[in-house]
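Engineer: I am attaching a structure below and will ask some questions about it afterwards.
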Amino acid sequence: MSDAGNVRPEQVSRISTWDYEADVVVVGYGVAGVSAAIEAARGGADVLVLERTGGWGGAAALSGGFIYLGGGTALQQALGFEDSPENMEKYMTAALGPGIDVAKVHDYCQGSVEHFDWLVAQGVPFKEEFWGEPGWEPPADQGLMYSGGENAAPYNTIATPAPRGHLPQMADKHTGEKGGGYMLMKPLTDTAESLGVRAEYDMRLQRLIVDASGKVAGVVAKRYGKQVHVRARRGVVLATGSFAYNQEMIEEYTPLLVNRPAAAIEEHDGIGIRVAQALGARVAHMDAIEVAIFADPQLMVRGILVNGRGQRYIPEDSYPSHIGQATLSRQHNEAFLIIDESALEQAQGTVSSSAAMRAQPPTWVAETVEELEAEIGFPAGVLQATVEVYNRHAANGADPVLGKKPEWVRPIETPLAAYDLRNHTGGFTLGGLKTDLDSRVLHVSGDPVPGLFAAGRCTSGVCAGGYASGASLGDGSFYGRRAGRAAAGS
């Protein structure tokens with residue numbers, strides 16, 4: 001939780017002394033903040049970044065590092081994948097809704113190739129190697145992967161599948177500790193420093209400062225318990241992250257995530273959203289969430305997932321986030337993975353970044369489906385009926401019920417086992433401040449809030465309901481750049 005109790009704006013007339021001054025003040029030194037800082041500096045502005053922790057990076061530096069890009073990037077082309085902005089837009093429109101910002105998704109797809117080239121120009125490395133196995137991320141330093149279920153039903157019938165998960169190359173990767181996200185942030189912060197961007201750390205945002213006309217003129221922060229006043233001569237960019245760790249906001253907007261935050265950092269307490277709301281800023285999709293299911297994709301794809309009634313509900317080769325979303329939102333957070341012995345052994349022999357999950361033994365084992373059904377506690381016959389229907393079509397390599405790809409369709413044999421995946425989900429928030437294509441924060445009236453810009457997970461970006469891995473780092477950096485340019489020119 002933030003320690004900022006009063007988020008009402010401070011009047012500039014009450015500030016007698018400024019502790020720091022800059023043309024553009026960026027709050028938050030994650031991927032959105034650093035991208036804003038770079039472009040503001042290149043736009044001729046003196047830039048100061050305020051970061052609440054002791055160093056740069058934010059959630060981005062701790063992430064896997066996926067950046068969702070497409071439309072025919074140089075990496076896609078080098079690896080033989082055809083894509084276009086229009087094809088990318090078809091997928092994103094179908095997968096990231098309902099209720100997407102149509103103009104923003106179109107804008108993002110049209111600018112995706114240029115944004116990839118920009119990242120490369122800043123020194124972000126991408127290895128020309130594709131990883132095609134199911135998983136959360138490549139096990140090594142491969143640079144491209146399907147990261148949104150583009151090649152799974154139903155999206156593979158809506159748009160031509162193309163991998164868009166671009167992953168910065170990390171030579172000595174340690175998943176969850178130091179991965180592709182670090183190799184995204186390090187070149188970007190080096191670039192920012194080379195451009196003269198200044199940074200002050202351990203600065204916790206408290207509220208915004210406005211002048212008599214209502215324009216944002218700076219911020220009030222707190223460092224080591226002392227208030228600090230920072231003047232922004234041209235504008236303030238909020239890049240403060242999500243509200244995944246603000247219990248009050250979670251209970252109000254996304255109650256499904258109560259007590260299950262994941263894939264974010266504790267500093268994501270919604271303070272950027274709250275201080276902007278105090279100025280009348282508009283918010284969007286505050287109920288939108290990304291949900292992960294804590295299970296190994298290599299196991300899921302080789303079995304069948306059933307709900308609390310013993311029925312299949314999603315293709316098991318789907319993007320794991322789609323499985324998590326469906327499980328938490330539509331299946332009361334109840335899921336069971338049914339897998340036979342031979343498939344389990346096959347999965348255990350594969351290479352994957354999530355291999356550690358396989359160290360957990362199955363919850364139940366049985367010689368027959370009927371016995372497994374009784375062990376789990378399903379009503380008699382429900383799991384048997386599900387397996388019988390699946391096996392009848394799987395014998396011909398087909399899944400007409402849900403559309404799992406033929407390469408993963410095989411009858412469930414015996415002996416077999418089940419994993420209890422109830423309450424195995426967690427996630428983070430996707431909603432936030434409503435911004436325009438120049439990353440100007442919009443007032444509830446529809447007009448921009450003068451002098452206020454925002455990007456990253458404190459905004460409502462290209463995702464409205466669904467998600468694809470890399471969308472946060474993608475639209476955070478893309479619209480962070482827009483925020484920096486707009487702030488420098490305001």
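So you can find residues: chains in the structure tokens are A, B, ... in the order shown, residues in each start at 1, and ligands are numbered from 1 in order.
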Pick out the residues sitting within 6 Å of range 70-83 of chain A, and hand them over as JSON, numbers by chain; count only C-alpha atoms, and ignore anything fewer than 2 positions along from it in its own chain.

Structural biologist: {"A": [85, 88, 112, 113, 164]}

Engineer: Please identify which residues in range 174-331 of chain A DSSP calls strand (DSSP E or B) from the backbone, and express them as a PyMOL selection string.

Structural biologist: chain A and resi 174+178+198-201+204-210+216-223+226-238+261+281+283-284+289-293+304-306+312

Engineer: Can you pull out the residues contacting Pro400 in chain A? Cut-off 12 Å, using only C-alpha atoms, and skip same-chain residues under 4 positions away; I want them as a VMD selection string.

Structural biologist: chain A and resid 153 to 154 315 389 to 394 396 404 to 406 409

Engineer: Which one is closest to Asp101 in chain A: A:Ala152, A:Thr363, A:Glu89, A:Leu299? Count only C-alpha atoms.

Structural biologist: A:Glu89

Engineer: I'd like the contact shell of Tyr146 in chain A - 10 Å cut-off, only C-alpha atoms, skipping same-chain residues fewer than 5 positions apart - returned as a list in words.

Structural biologist: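 Counting only the stated atoms, we get Tyr68, Phe130, Trp131, Gly132, Glu133, Pro134, Gly135, Trp136, Glu137, Pro138, Asn151, Ala152, Pro161, Ala162, Pro163, Arg164, Gly165, His166, Tyr319, Ala468 and Ser469 of chain A.
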
Engineer: Please list as a PyMOL selection string every residue within 8 Å of Gly58 in chain A, counting only C-alpha atoms and excluding residues in the same chain fewer than 6 positions away.

Structural biologist: chain A and resi 28-31+265

Engineer: For Glu316 in chain A, which residue among A:Leu402, A:Val387, A:Ala464, A:Ala262 is the nearest when counting only C-alpha atoms?

Structural biologist: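 Counting only C-alpha atoms, the residue closest to Glu316 in chain A is A:Leu402.
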
Engineer: Pick out the closest residue to Arg52 in chain A from this set: A:Gly272, A:Gly303, A:Pro411, A:Gly484. Count only C-alpha atoms.

Structural biologist: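 Closest to Arg52 in chain A, using only C-alpha atoms: A:Gly272.
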
Engineer: Which one of A:Val365, A:Leu452, A:Val462, A:Val120 sits closest to Leu416 in chain A if you count only C-alpha atoms?

Structural biologist: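 Closest to Leu416 in chain A of all the choices is A:Val365.
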
Engineer: Range 376-485 of chain A: which residues are alpha helix (DSSP H) by DSSP, as a list in words?

Structural biologist: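 Secondary structure check on range 376-485 of chain A, alpha helix (DSSP H): Ile376, Val382, Leu383, Gln384, Ala385, Thr386, Val387, Glu388, Val389, Tyr390, Asn391, Arg392, His393, Ala394, Ala471, Ser472, Leu473, Gly474, Asp475, Gly476, Ser477, Phe478, Tyr479, Gly480, Arg481, Arg482, Ala483, Gly484 and Arg485 of chain A.
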
Engineer: List the spatial neighbours of range 376-386 of chain A as a ChimeraX atom specification - criterion: any atom at most 12 Å away, only C-alpha atoms, same-chain residues fewer than 2 positions off excluded.

Structural biologist: /A:304-313,335-338,362-366,368-374,388-393,401,411-413,417-422
